[in-house]
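Here is work_8.cif, consisting of mmCIF, C-alpha atoms:
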```cif
data_my_file
loop_
_atom_site.label_atom_id
_atom_site.label_comp_id
_atom_site.auth_asym_id
_atom_site.auth_seq_id
_atom_site.Cartn_x
_atom_site.Cartn_y
_atom_site.Cartn_z
CA MET A 224 0.00 0.00 0.00
CA THR A 225 1.22 3.50 -0.75
CA ASP A 226 1.34 6.20 1.92
CA GLN A 227 -1.65 7.89 0.32
CA GLU A 228 -3.65 4.63 0.39
CA ILE A 229 -2.77 4.09 4.04
CA PHE A 230 -3.72 7.68 4.85
CA ASP A 231 -7.08 7.36 3.06
CA GLY A 232 -7.73 3.96 4.62
CA ILE A 233 -7.12 5.22 8.15
CA SER A 234 -9.20 8.31 7.47
CA GLN A 235 -12.11 6.09 6.37
CA LYS A 236 -11.61 3.69 9.30
CA ASP A 237 -11.06 0.90 6.79
CA ASN A 238 -10.50 -2.55 8.33
CA HIS A 239 -8.28 -3.72 5.47
CA THR A 240 -5.86 -0.89 6.14
CA PHE A 241 -5.81 -1.55 9.89
CA LEU A 242 -5.11 -5.24 9.27
CA TYR A 243 -2.43 -4.39 6.74
CA LEU A 244 -0.68 -2.16 9.31
CA TYR A 245 -1.09 -4.84 11.94
CA GLU A 246 0.53 -7.53 9.81
CA LYS A 247 3.29 -5.23 8.68
CA TYR A 248 4.28 -3.54 11.96
CA LYS A 249 3.13 -5.76 14.82
CA ASP A 250 6.49 -7.54 15.14
CA ARG A 251 8.40 -4.28 15.31
CA ILE A 252 6.07 -2.88 17.96
CA ILE A 253 6.11 -6.11 19.96
CA SER A 254 9.90 -6.08 19.84
CA MET A 255 10.11 -2.43 20.99
CA VAL A 256 7.64 -3.01 23.85
CA LYS A 257 9.27 -6.29 24.94
CA LYS A 258 12.70 -4.67 25.03
CA ASN A 259 11.25 -2.02 27.32
CA SER A 260 9.51 -3.79 30.20
CA GLY A 261 6.36 -4.83 28.34
CA ASN A 262 4.78 -7.95 26.90
CA GLU A 263 2.74 -8.90 23.82
CA ASP A 264 -0.55 -7.78 25.37
CA ASP A 265 0.94 -4.35 26.07
CA ALA A 266 2.15 -4.25 22.47
CA LEU A 267 -1.34 -4.95 21.14
CA ASP A 268 -2.75 -2.15 23.33
CA ILE A 269 -0.06 0.23 22.13
CA PHE A 270 -0.66 -0.72 18.50
CA GLN A 271 -4.35 0.06 18.96
CA GLU A 272 -3.67 3.35 20.75
CA GLY A 273 -1.18 4.32 18.03
CA LEU A 274 -3.84 3.76 15.37
CA ILE A 275 -6.37 5.82 17.31
CA ALA A 276 -3.81 8.61 17.78
CA LEU A 277 -3.02 8.62 14.07
CA TRP A 278 -6.70 8.50 13.04
CA THR A 279 -7.53 11.32 15.47
CA ASN A 280 -4.93 13.57 13.88
CA ILE A 281 -5.77 12.58 10.31
CA SER A 282 -9.50 13.10 10.82
CA GLN A 283 -8.90 16.61 12.17
CA GLY A 284 -6.50 17.59 9.40
CA LYS A 285 -3.58 17.77 11.82
CA PHE A 286 -1.53 15.21 9.92
CA LYS A 287 -0.96 15.08 6.19
CA VAL A 288 1.07 12.81 3.93
CA GLN A 289 4.58 14.22 3.70
CA ASP A 290 7.41 13.73 1.27
CA ASN A 291 10.21 13.59 3.81
CA ALA A 292 8.88 10.85 6.12
CA LYS A 293 6.78 7.75 5.72
CA ILE A 294 3.42 7.58 7.48
CA ALA A 295 4.60 4.31 9.07
CA THR A 296 7.50 6.14 10.71
CA TYR A 297 5.07 8.54 12.36
CA PHE A 298 2.87 5.64 13.39
CA TYR A 299 5.77 3.79 14.95
CA THR A 300 7.09 6.91 16.72
CA LEU A 301 3.60 7.58 18.09
CA CYS A 302 3.39 4.01 19.41
CA ARG A 303 6.83 4.32 21.00
CA ASN A 304 5.98 7.64 22.69
CA ILE A 305 2.63 6.37 23.96
CA TRP A 306 4.49 3.43 25.50
CA ILE A 307 7.08 5.75 27.09
CA ASN A 308 4.27 7.84 28.59
CA LYS A 309 2.59 4.73 29.94
CA LEU A 310 5.87 3.62 31.53
CA ARG A 311 6.36 7.10 32.99
CA LYS A 312 2.89 7.03 34.53
CA SER A 313 3.64 3.69 36.14
CA LYS A 314 7.08 5.09 37.13
CA ASN A 315 8.63 2.10 35.47
CA ILE A 316 10.86 3.94 33.07
CA GLN A 317 14.53 3.47 32.70
CA SER A 318 16.04 4.57 29.43
CA ILE A 319 14.12 3.36 26.43
CA GLU A 320 15.99 1.10 24.09
CA ASP A 321 15.10 2.25 20.60
CA ASN A 322 16.29 4.51 17.84
CA SER A 323 13.86 6.99 16.36
CA GLN A 324 13.90 7.41 12.62
CA LEU A 325 12.52 10.93 12.78
CA GLU A 326 15.04 13.73 12.95
CA ASP A 327 12.51 16.22 14.22
CA GLU A 328 9.78 14.92 16.49
CA THR A 329 7.97 18.25 16.95
CA ASP A 330 5.10 17.07 14.76
CA VAL A 331 4.73 13.85 16.72
CA SER A 332 4.63 15.76 20.02
CA ALA A 333 1.79 17.93 18.72
CA MET A 334 -0.03 14.82 17.48
CA GLU A 335 0.38 13.15 20.86
CA GLU A 336 -0.87 16.22 22.66
CA PHE A 337 -4.04 16.28 20.54
CA TYR A 338 -4.56 12.54 21.04
CA GLU A 339 -4.27 13.02 24.84
CA GLN A 340 -6.95 15.74 24.72
CA ILE A 341 -9.27 13.44 22.78
CA LYS A 342 -8.55 10.56 25.15
CA LYS A 343 -9.58 12.71 28.12
CA LEU A 344 -12.83 13.54 26.34
CA GLU A 345 -13.34 9.84 25.60
CA ASN A 346 -13.11 9.15 29.34
CA LEU A 347 -15.77 11.81 29.98
CA PHE A 348 -17.97 10.34 27.23
CA ALA A 349 -17.75 6.98 29.03
CA LYS A 350 -19.43 8.61 32.05
CA LEU A 351 -22.62 9.40 30.13
CA SER A 352 -25.73 7.23 30.46
CA GLU A 353 -25.94 4.15 28.22
CA SER A 354 -28.80 5.67 26.23
CA CYS A 355 -26.76 8.84 25.56
CA LYS A 356 -23.70 6.82 24.57
CA LYS A 357 -25.79 4.74 22.18
CA LEU A 358 -27.43 7.73 20.53
CA LEU A 359 -24.23 9.76 20.17
CA ASN A 360 -22.36 6.70 18.87
CA LEU A 361 -25.01 6.14 16.20
CA PHE A 362 -24.85 9.79 15.14
CA TYR A 363 -21.11 10.54 15.27
CA TYR A 364 -19.48 7.14 14.73
CA GLU A 365 -21.98 5.24 12.62
CA LYS A 366 -22.91 8.50 10.81
CA ILE A 367 -26.59 7.60 10.89
CA SER A 368 -29.09 10.43 10.35
CA LEU A 369 -31.42 11.48 13.17
CA LYS A 370 -34.33 10.19 11.08
CA GLU A 371 -32.78 6.72 10.80
CA ILE A 372 -31.83 6.81 14.50
CA SER A 373 -35.43 7.61 15.42
CA ILE A 374 -36.54 4.45 13.53
CA GLN A 375 -33.88 2.30 15.18
CA LEU A 376 -34.64 3.57 18.68
CA ASP A 377 -38.39 3.66 18.12
CA ILE A 378 -38.73 7.35 19.00
CA THR A 379 -39.79 10.39 16.99
CA GLU A 380 -37.21 12.35 15.02
CA LYS A 381 -37.85 15.37 17.22
CA THR A 382 -37.15 13.31 20.35
CA ALA A 383 -33.96 11.99 18.78
CA LYS A 384 -32.88 15.57 18.05
CA ASN A 385 -33.74 16.76 21.57
CA ASN A 386 -32.02 13.77 23.15
CA LYS A 387 -28.88 14.33 21.09
CA TYR A 388 -28.75 17.93 22.29
CA ARG A 389 -29.40 16.91 25.89
CA CYS A 390 -26.63 14.30 25.72
CA MET A 391 -24.14 16.78 24.28
CA GLN A 392 -25.07 19.24 27.03
CA ASN A 393 -24.49 16.50 29.63
CA LEU A 394 -21.06 15.85 28.14
CA ARG A 395 -20.24 19.56 28.24
CA SER A 396 -21.43 19.79 31.80
CA ILE A 397 -19.16 16.89 32.87
CA TYR A 398 -16.31 18.50 30.93
CA ARG A 399 -16.78 21.81 32.74
CA THR A 400 -17.07 20.18 36.15
CA GLU A 401 -13.90 18.14 35.59
CA ASN A 402 -12.00 21.13 34.24
CA LEU A 403 -13.03 23.34 37.15
CA GLY A 404 -11.98 20.60 39.53
CA GLN A 405 -8.46 20.51 38.13
CA MET B 125 -24.72 26.50 24.02
CA ASN B 126 -28.11 25.86 22.43
CA ALA B 127 -29.17 23.10 20.02
CA ILE B 128 -29.25 25.42 17.01
CA LEU B 129 -25.70 26.63 17.63
CA ILE B 130 -24.43 23.03 17.89
CA GLU B 131 -26.16 22.17 14.61
CA ASN B 132 -24.68 25.21 12.90
CA ILE B 133 -21.20 24.45 14.24
CA GLU B 134 -21.58 20.91 12.89
CA ALA B 135 -22.61 22.33 9.51
CA PHE B 136 -19.51 24.56 9.61
CA LEU B 137 -17.27 21.58 10.48
CA GLU B 138 -18.74 19.63 7.57
CA GLU B 139 -17.94 22.64 5.37
CA LYS B 140 -21.63 23.22 4.66
CA MET B 141 -21.41 26.71 6.17
CA SER B 142 -18.76 29.43 6.11
CA PHE B 143 -17.19 30.84 9.26
CA LYS B 144 -18.65 34.22 8.30
CA ASP B 145 -22.19 32.80 8.18
CA LEU B 146 -21.62 31.07 11.50
CA GLN B 147 -20.42 34.34 13.04
CA GLU B 148 -23.55 36.02 11.71
CA ILE B 149 -25.76 33.43 13.43
CA ALA B 150 -23.76 33.71 16.68
CA LYS B 151 -23.39 37.47 16.50
CA ASN B 152 -23.74 37.97 20.25
CA MET B 153 -20.57 35.96 20.72
CA GLY B 154 -16.97 37.11 20.43
CA VAL B 155 -14.61 35.32 18.05
CA THR B 156 -12.65 33.71 20.90
CA GLU B 157 -15.79 32.37 22.54
CA LEU B 158 -17.11 31.06 19.23
CA GLU B 159 -13.79 29.38 18.47
CA GLU B 160 -13.80 27.71 21.89
CA LYS B 161 -17.27 26.32 21.18
CA ILE B 162 -16.25 25.13 17.71
CA ASN B 163 -13.24 23.37 19.22
CA TRP B 164 -15.39 21.75 21.85
CA VAL B 165 -17.91 20.36 19.35
CA ARG B 166 -15.09 19.20 17.05
CA ASN B 167 -13.14 17.49 19.81
CA SER B 168 -16.20 15.93 21.43
CA SER B 169 -17.45 14.42 18.19
CA THR B 170 -13.93 13.16 17.47
CA ALA B 171 -13.77 11.58 20.94
CA ILE B 172 -17.13 9.84 20.42
CA GLU B 173 -15.94 8.56 17.05
CA ALA B 174 -12.63 7.45 18.60
CA THR B 175 -14.54 5.37 21.16
CA GLY B 176 -16.40 3.69 18.31
CA LEU B 177 -13.13 3.12 16.49
CA ARG B 178 -11.62 1.58 19.62
CA ASN B 179 -14.47 -0.97 19.67
CA GLN B 180 -14.06 -1.59 15.94
CA LEU B 181 -10.36 -2.33 16.42
CA LYS B 182 -11.06 -4.65 19.35
CA GLU B 183 -13.32 -6.66 17.07
CA ILE B 184 -11.07 -6.89 14.06
CA LEU B 185 -7.57 -7.18 15.51
CA PRO B 186 -6.54 -10.69 16.51
CA SER B 187 -5.79 -11.06 20.17
CA THR B 188 -2.23 -11.97 21.10
CA ILE B 189 -3.33 -12.89 24.61
CA THR B 190 -3.09 -16.61 25.28
CA GLU B 191 -5.52 -18.26 27.67
CA GLU B 192 -2.61 -19.42 29.85
CA ALA B 193 -1.43 -15.86 30.30
CA LYS B 194 -4.77 -14.94 31.81
CA VAL B 195 -4.60 -17.59 34.59
CA VAL B 196 -3.94 -16.05 37.97
CA ASP B 197 -2.34 -18.33 40.53
CA PHE B 198 -3.79 -17.59 43.96
CA GLU B 199 -2.23 -18.73 47.24
CA PRO B 200 -4.24 -21.60 48.90
CA GLU B 201 -5.37 -19.54 51.92
CA GLN B 202 -6.75 -16.90 49.61
CA LYS B 203 -8.79 -19.45 47.72
CA SER B 204 -11.56 -19.81 50.31
CA LYS B 205 -12.17 -16.07 50.53
CA ILE B 206 -11.98 -15.66 46.83
CA GLY B 207 -14.17 -18.72 46.42
CA LYS B 208 -16.91 -17.12 48.52
CA TRP B 209 -16.72 -13.98 46.45
CA LEU B 210 -16.81 -16.04 43.28
CA TRP B 211 -19.91 -17.88 44.49
CA ALA B 212 -21.60 -14.60 45.35
CA ALA B 213 -20.65 -13.12 41.99
CA ALA B 214 -21.80 -16.27 40.20
CA SER B 215 -25.18 -16.13 41.97
CA VAL B 216 -25.68 -12.52 40.97
CA LEU B 217 -24.59 -13.38 37.44
CA ILE B 218 -27.12 -16.22 37.26
CA LEU B 219 -29.93 -13.92 38.41
CA VAL B 220 -28.93 -11.18 35.96
CA THR B 221 -28.55 -13.71 33.16
CA ALA B 222 -31.96 -15.19 33.91
CA TYR B 223 -33.58 -11.74 33.82
CA TRP B 224 -31.70 -10.80 30.66
CA GLY B 225 -32.51 -14.17 29.16
CA ILE B 226 -36.25 -13.71 29.61
CA ASN B 227 -36.11 -10.38 27.82
CA ARG B 228 -33.86 -11.67 25.07
CA ASN B 229 -35.67 -14.95 24.64
CA GLN B 230 -37.80 -13.85 21.74
CA GLU B 231 -34.82 -12.47 19.85
CA THR B 232 -32.73 -15.59 20.51
CA ASN B 233 -35.56 -17.86 19.41
CA LEU B 234 -36.02 -15.96 16.20
CA TYR B 235 -32.30 -16.16 15.45
CA ALA B 236 -32.23 -19.87 16.26
CA LYS B 237 -35.27 -20.49 14.07
CA TYR B 238 -33.66 -18.91 11.02
CA GLU B 239 -29.99 -19.56 11.72
CA TYR B 240 -28.08 -20.74 8.68
CA ILE B 241 -24.75 -22.43 9.28
CA ASP B 242 -22.89 -22.64 6.02
CA PRO B 243 -20.97 -25.92 6.08
CA GLY B 244 -18.12 -24.50 4.00
CA LEU B 245 -16.61 -25.48 0.69
CA PRO B 246 -15.57 -29.02 -0.20
CA VAL B 247 -12.02 -27.96 -1.13
CA LEU B 248 -9.39 -30.65 -1.40
CA MET B 249 -5.87 -29.60 -0.65
CA SER B 250 -4.64 -31.26 -3.83
CA GLN B 251 -7.12 -29.15 -5.80
CA SER B 252 -6.31 -25.90 -4.10
CA ASP B 253 -3.58 -23.57 -5.30
CA ASN B 254 -3.90 -21.62 -2.12
CA HIS B 255 -2.89 -23.74 0.85
CA LEU B 256 -3.50 -20.94 3.34
CA LEU B 257 -7.09 -20.65 2.18
CA TYR B 258 -7.47 -24.43 2.35
CA ASP B 259 -6.13 -24.31 5.90
CA ALA B 260 -8.55 -21.56 6.94
CA LEU B 261 -11.55 -23.27 5.33
CA THR B 262 -10.67 -26.56 7.01
CA TYR B 263 -10.88 -24.87 10.42
CA TYR B 264 -14.08 -23.20 9.28
CA SER B 265 -15.72 -26.49 8.23
CA GLU B 266 -14.69 -27.97 11.61
CA GLU B 267 -16.65 -25.06 13.16
CA ASN B 268 -13.47 -23.73 14.77
CA TYR B 269 -14.49 -20.18 13.95
CA VAL B 270 -11.91 -18.53 16.22
CA VAL B 271 -8.95 -20.02 14.35
CA ALA B 272 -10.74 -19.68 10.99
CA GLU B 273 -11.26 -15.98 11.74
CA SER B 274 -7.60 -15.31 12.51
CA LYS B 275 -6.44 -17.19 9.39
CA LEU B 276 -9.00 -15.51 7.14
CA LEU B 277 -8.10 -12.10 8.59
CA LYS B 278 -4.48 -12.70 7.68
CA LEU B 279 -5.47 -13.76 4.17
CA GLN B 280 -7.70 -10.73 3.84
CA ALA B 281 -4.88 -8.43 4.91
CA ASP B 282 -2.46 -10.03 2.44
CA ALA B 283 -4.72 -10.64 -0.53
CA THR B 284 -6.48 -8.40 -2.96
CA SER B 285 -10.27 -8.40 -2.60
CA ASN B 286 -11.75 -11.87 -2.66
CA ASP B 287 -15.41 -12.67 -2.06
CA THR B 288 -14.68 -16.19 -0.74
CA ILE B 289 -12.44 -14.83 2.03
CA SER B 290 -14.88 -12.04 2.90
CA TYR B 291 -17.88 -14.36 2.98
CA PHE B 292 -16.34 -17.03 5.21
CA LEU B 293 -14.74 -14.40 7.43
CA GLY B 294 -18.13 -12.68 7.83
CA ALA B 295 -19.78 -16.02 8.63
CA SER B 296 -17.06 -16.91 11.18
CA LEU B 297 -17.57 -13.57 12.88
CA LEU B 298 -21.35 -13.90 12.96
CA TYR B 299 -21.24 -17.41 14.42
CA GLN B 300 -19.07 -16.04 17.24
CA GLY B 301 -21.57 -13.23 17.87
CA LYS B 302 -19.26 -10.47 16.59
CA THR B 303 -22.10 -8.81 14.73
CA ASN B 304 -20.53 -5.41 14.09
CA ALA B 305 -17.47 -6.85 12.42
CA ALA B 306 -19.57 -9.46 10.58
CA LYS B 307 -21.73 -6.68 9.16
CA GLU B 308 -18.69 -4.78 7.85
CA VAL B 309 -17.19 -7.83 6.17
CA LEU B 310 -20.41 -9.27 4.74
CA LYS B 311 -21.20 -5.92 3.15
CA GLN B 312 -17.97 -6.29 1.18
CA VAL B 313 -19.37 -9.43 -0.50
CA GLN B 314 -22.18 -7.27 -1.92
CA GLU B 315 -19.56 -5.35 -3.91
CA PHE B 316 -18.90 -8.45 -6.03
CA SER B 317 -21.90 -8.39 -8.35
CA ASN B 318 -21.31 -11.90 -9.73
CA SER B 319 -20.35 -13.54 -6.47
CA SER B 320 -21.89 -16.94 -5.80
CA PHE B 321 -21.90 -15.93 -2.10
CA LYS B 322 -23.93 -12.75 -2.63
CA GLN B 323 -27.34 -14.18 -1.72
CA LYS B 324 -25.99 -16.13 1.23
CA ALA B 325 -24.25 -12.99 2.49
CA GLU B 326 -27.56 -11.09 2.17
CA TRP B 327 -29.24 -13.69 4.35
CA LEU B 328 -26.43 -13.59 6.91
CA LEU B 329 -26.83 -9.79 7.03
CA VAL B 330 -30.52 -10.33 7.85
CA LEU B 331 -29.42 -12.68 10.64
CA VAL B 332 -26.99 -10.03 11.93
CA SER B 333 -29.94 -7.62 12.35
CA VAL B 334 -32.04 -10.33 14.01
CA LYS B 335 -29.18 -11.13 16.39
CA GLU B 336 -28.82 -7.44 17.20
CA ASN B 337 -32.57 -7.27 17.78
CA ASN B 338 -32.76 -4.53 15.17
CA VAL B 339 -36.24 -5.33 13.85
CA GLU B 340 -36.48 -2.33 11.53
CA LYS B 341 -33.16 -3.09 9.85
CA ALA B 342 -34.10 -6.77 9.56
CA LYS B 343 -37.38 -5.81 7.89
CA ILE B 344 -35.56 -3.63 5.36
CA SER B 345 -33.05 -6.40 4.54
CA VAL B 346 -35.79 -9.03 4.30
CA GLY B 347 -37.74 -6.70 1.99
CA LYS B 348 -34.77 -6.60 -0.40
CA ILE B 349 -34.67 -10.41 -0.58
CA LEU B 350 -38.43 -10.56 -1.20
CA ASP B 351 -37.96 -8.28 -4.20
CA SER B 352 -36.32 -11.20 -6.01
CA PRO B 353 -38.48 -14.37 -6.02
CA THR B 354 -35.59 -16.49 -7.28
CA HIS B 355 -33.45 -15.64 -4.23
CA GLU B 356 -32.21 -18.83 -2.57
CA PHE B 357 -33.51 -17.58 0.80
CA PHE B 358 -36.86 -16.30 -0.51
CA GLU B 359 -38.99 -18.74 1.47
CA GLU B 360 -37.08 -18.14 4.69
CA ALA B 361 -37.44 -14.40 4.12
CA GLN B 362 -41.21 -14.73 3.65
CA SER B 363 -41.55 -16.65 6.86
CA LEU B 364 -39.26 -14.30 8.80
CA GLN B 365 -41.20 -11.28 7.55
CA GLN B 366 -44.37 -12.71 9.04
CA ASP B 367 -42.61 -13.31 12.36
CA LEU B 368 -41.15 -9.80 12.36
CA ASN B 369 -44.55 -8.26 11.74
CA GLN B 370 -46.16 -10.09 14.65
#
```
Just dump the structure as structure tokens.
Amino acid sequence: MTDQEIFDGISQKDNHTFLYLYEKYKDRIISMVKKNSGNEDDALDIFQEGLIALWTNISQGKFKVQDNAKIATYFYTLCRNIWINKLRKSKNIQSIEDNSQLEDETDVSAMEEFYEQIKKLENLFAKLSESCKKLLNLFYYEKISLKEISIQLDITEKTAKNNKYRCMQNLRSIYRTENLGQ
Amino acid sequence: MNAILIENIEAFLEEKMSFKDLQEIAKNMGVTELEEKINWVRNSSTAIEATGLRNQLKEILPSTITEEAKVVDFEPEQKSKIGKWLWAAASVLILVTAYWGINRNQETNLYAKYEYIDPGLPVLMSQSDNHLLYDALTYYSEENYVVAESKLLKLQADATSNDTISYFLGASLLYQGKTNAAKEVLKQVQEFSNSSFKQKAEWLLVLVSVKENNVEKAKISVGKILDSPTHEFFEEAQSLQQDLNQ
């Protein structure tokens, strides 16, 4: 797959692309994690988090295909940094045994920062009621229209619209409470 | 932030509205405040989508965790305490399962009534150019859907599009109850207009909706099958439609 195909595949949340990346890079990520106090399960988690971090940045236009570095290099560096952060949080870090292939990691730091912001919001989303999570998931992830959602949930379209607004307000309210508490 | 503003911000994020038009609608708001709200809607919707993606990845990526790795070795004196807790947890689980089971009974019965287990292809290794596919389909025909899934996933990642791989992968996922992933993969079979698996995949997609208790979706999918009287699952679709309408 070319870089452009990988970029488009990730952007469209295409399973073929995810599986291609998995087959191509899992051994390298497992090796990096194993060399640095982790195991295969950790590596699978990190692979998944790396994909989410990359998708998050691609979907928001914060990462574009570049001539000077392969998308896989960014993906690998993201995985490595996410693992370092995880080790730091568990205070289990020594010096990490790995050589980065990126000369300048400024871009990756910005990508990581954005991914961390999104991850915090994901944790807040998890605190919503099951009905809110279901409705918002149908709308934002499955990209189903409010009309179609109303059929699926056996409610009127107006109720679906009102509930979506109420759920977003709940999320904002949790966000504000948590932010004020910090 | 009211509902109309959220909708307009979403229209702006989907490039259906200019920033100038959005400013006009939110004219009581300063640029900084408006930008903060845009960022919030953008990031929140991304986070919701990321949660969905996380679940999607959990379904499609093979697990590297071995069963042995999950075994926790407790000390003998801890066993009795833990045993009591396990019994208590098991009792609660039985009660919850019983309650859940009563509610889900109708759905389960309907799925069981119309379940179609494809036995697989009678491929002989000597006749197959692709030994990996032969291997995967052997596990499939032995109803070892977990191993079949991981082998078919690998083939799917390596190969160019192939309706046989997609169909049997979709079936393996469905039989394990992984309906979301099954749906994604079975839809790919529809893209092959001349596929001999097309009609079977259509029926399995109906079963996905039945398993998910999504009656409306099941009705729509059944309706499509009933549009073609020569469909190999026409009779089953007729009967299921009657059950769905009851």
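What separates CA of Lys348 in chain B from CA of Gln362 in chain B is a distance of 11.1 Å.
Distance check against Trp306 in chain A using all atoms listed in the file: of A:Asn280, A:Ser368, A:Asn259, A:Gln289, the minimum falls on A:Asn259.
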Name every residue that the PyMOL selection byres ((chain A and resi 341-354) around 8) selects in this structure, writing the answer as a list in words with chains first and numbers rising. Thr279, Phe337, Tyr338, Glu339, Gln340, Cys355, Lys356, Lys357, Leu358, Cys390, Asn393, Leu394, Ile397 and Tyr398 of chain A; Asn167, Ser168, Thr170, Ala171, Ile172, Ala174 and Thr175 of chain B
Hey, could you make a per-residue contact list for chain A against chain B with 6 Å as the cut-off, showing the nearest pair of atoms and its distance in Å to one decimal, counting all atoms listed in the file, sorted by chain and number, as a tab-separated table?
```
residue	atom	partner	partner_atom	distance
A:His239	CA	B:Ala281	CA	5.8
A:Leu242	CA	B:Ala281	CA	5.4
A:Tyr243	CA	B:Ala281	CA	5.1
A:Asp264	CA	B:Ile189	CA	5.9
A:Ile341	CA	B:Ala171	CA	5.2
A:Leu344	CA	B:Ala171	CA	5.8
A:Glu345	CA	B:Ala171	CA	5.0
A:Tyr363	CA	B:Glu173	CA	5.8
A:Tyr364	CA	B:Glu173	CA	4.5
A:Tyr388	CA	B:Ala127	CA	5.7
```
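Counting from CA of Glu148 in chain B, the distance to CA of Ile367 in chain A is 28.6 Å.
With all atoms listed in the file as the atoms that count, the minimum distance from Asn360 in chain A to the choices B:Asn179, B:Lys307, B:Asp287, B:Leu297 is reached by B:Asn179.
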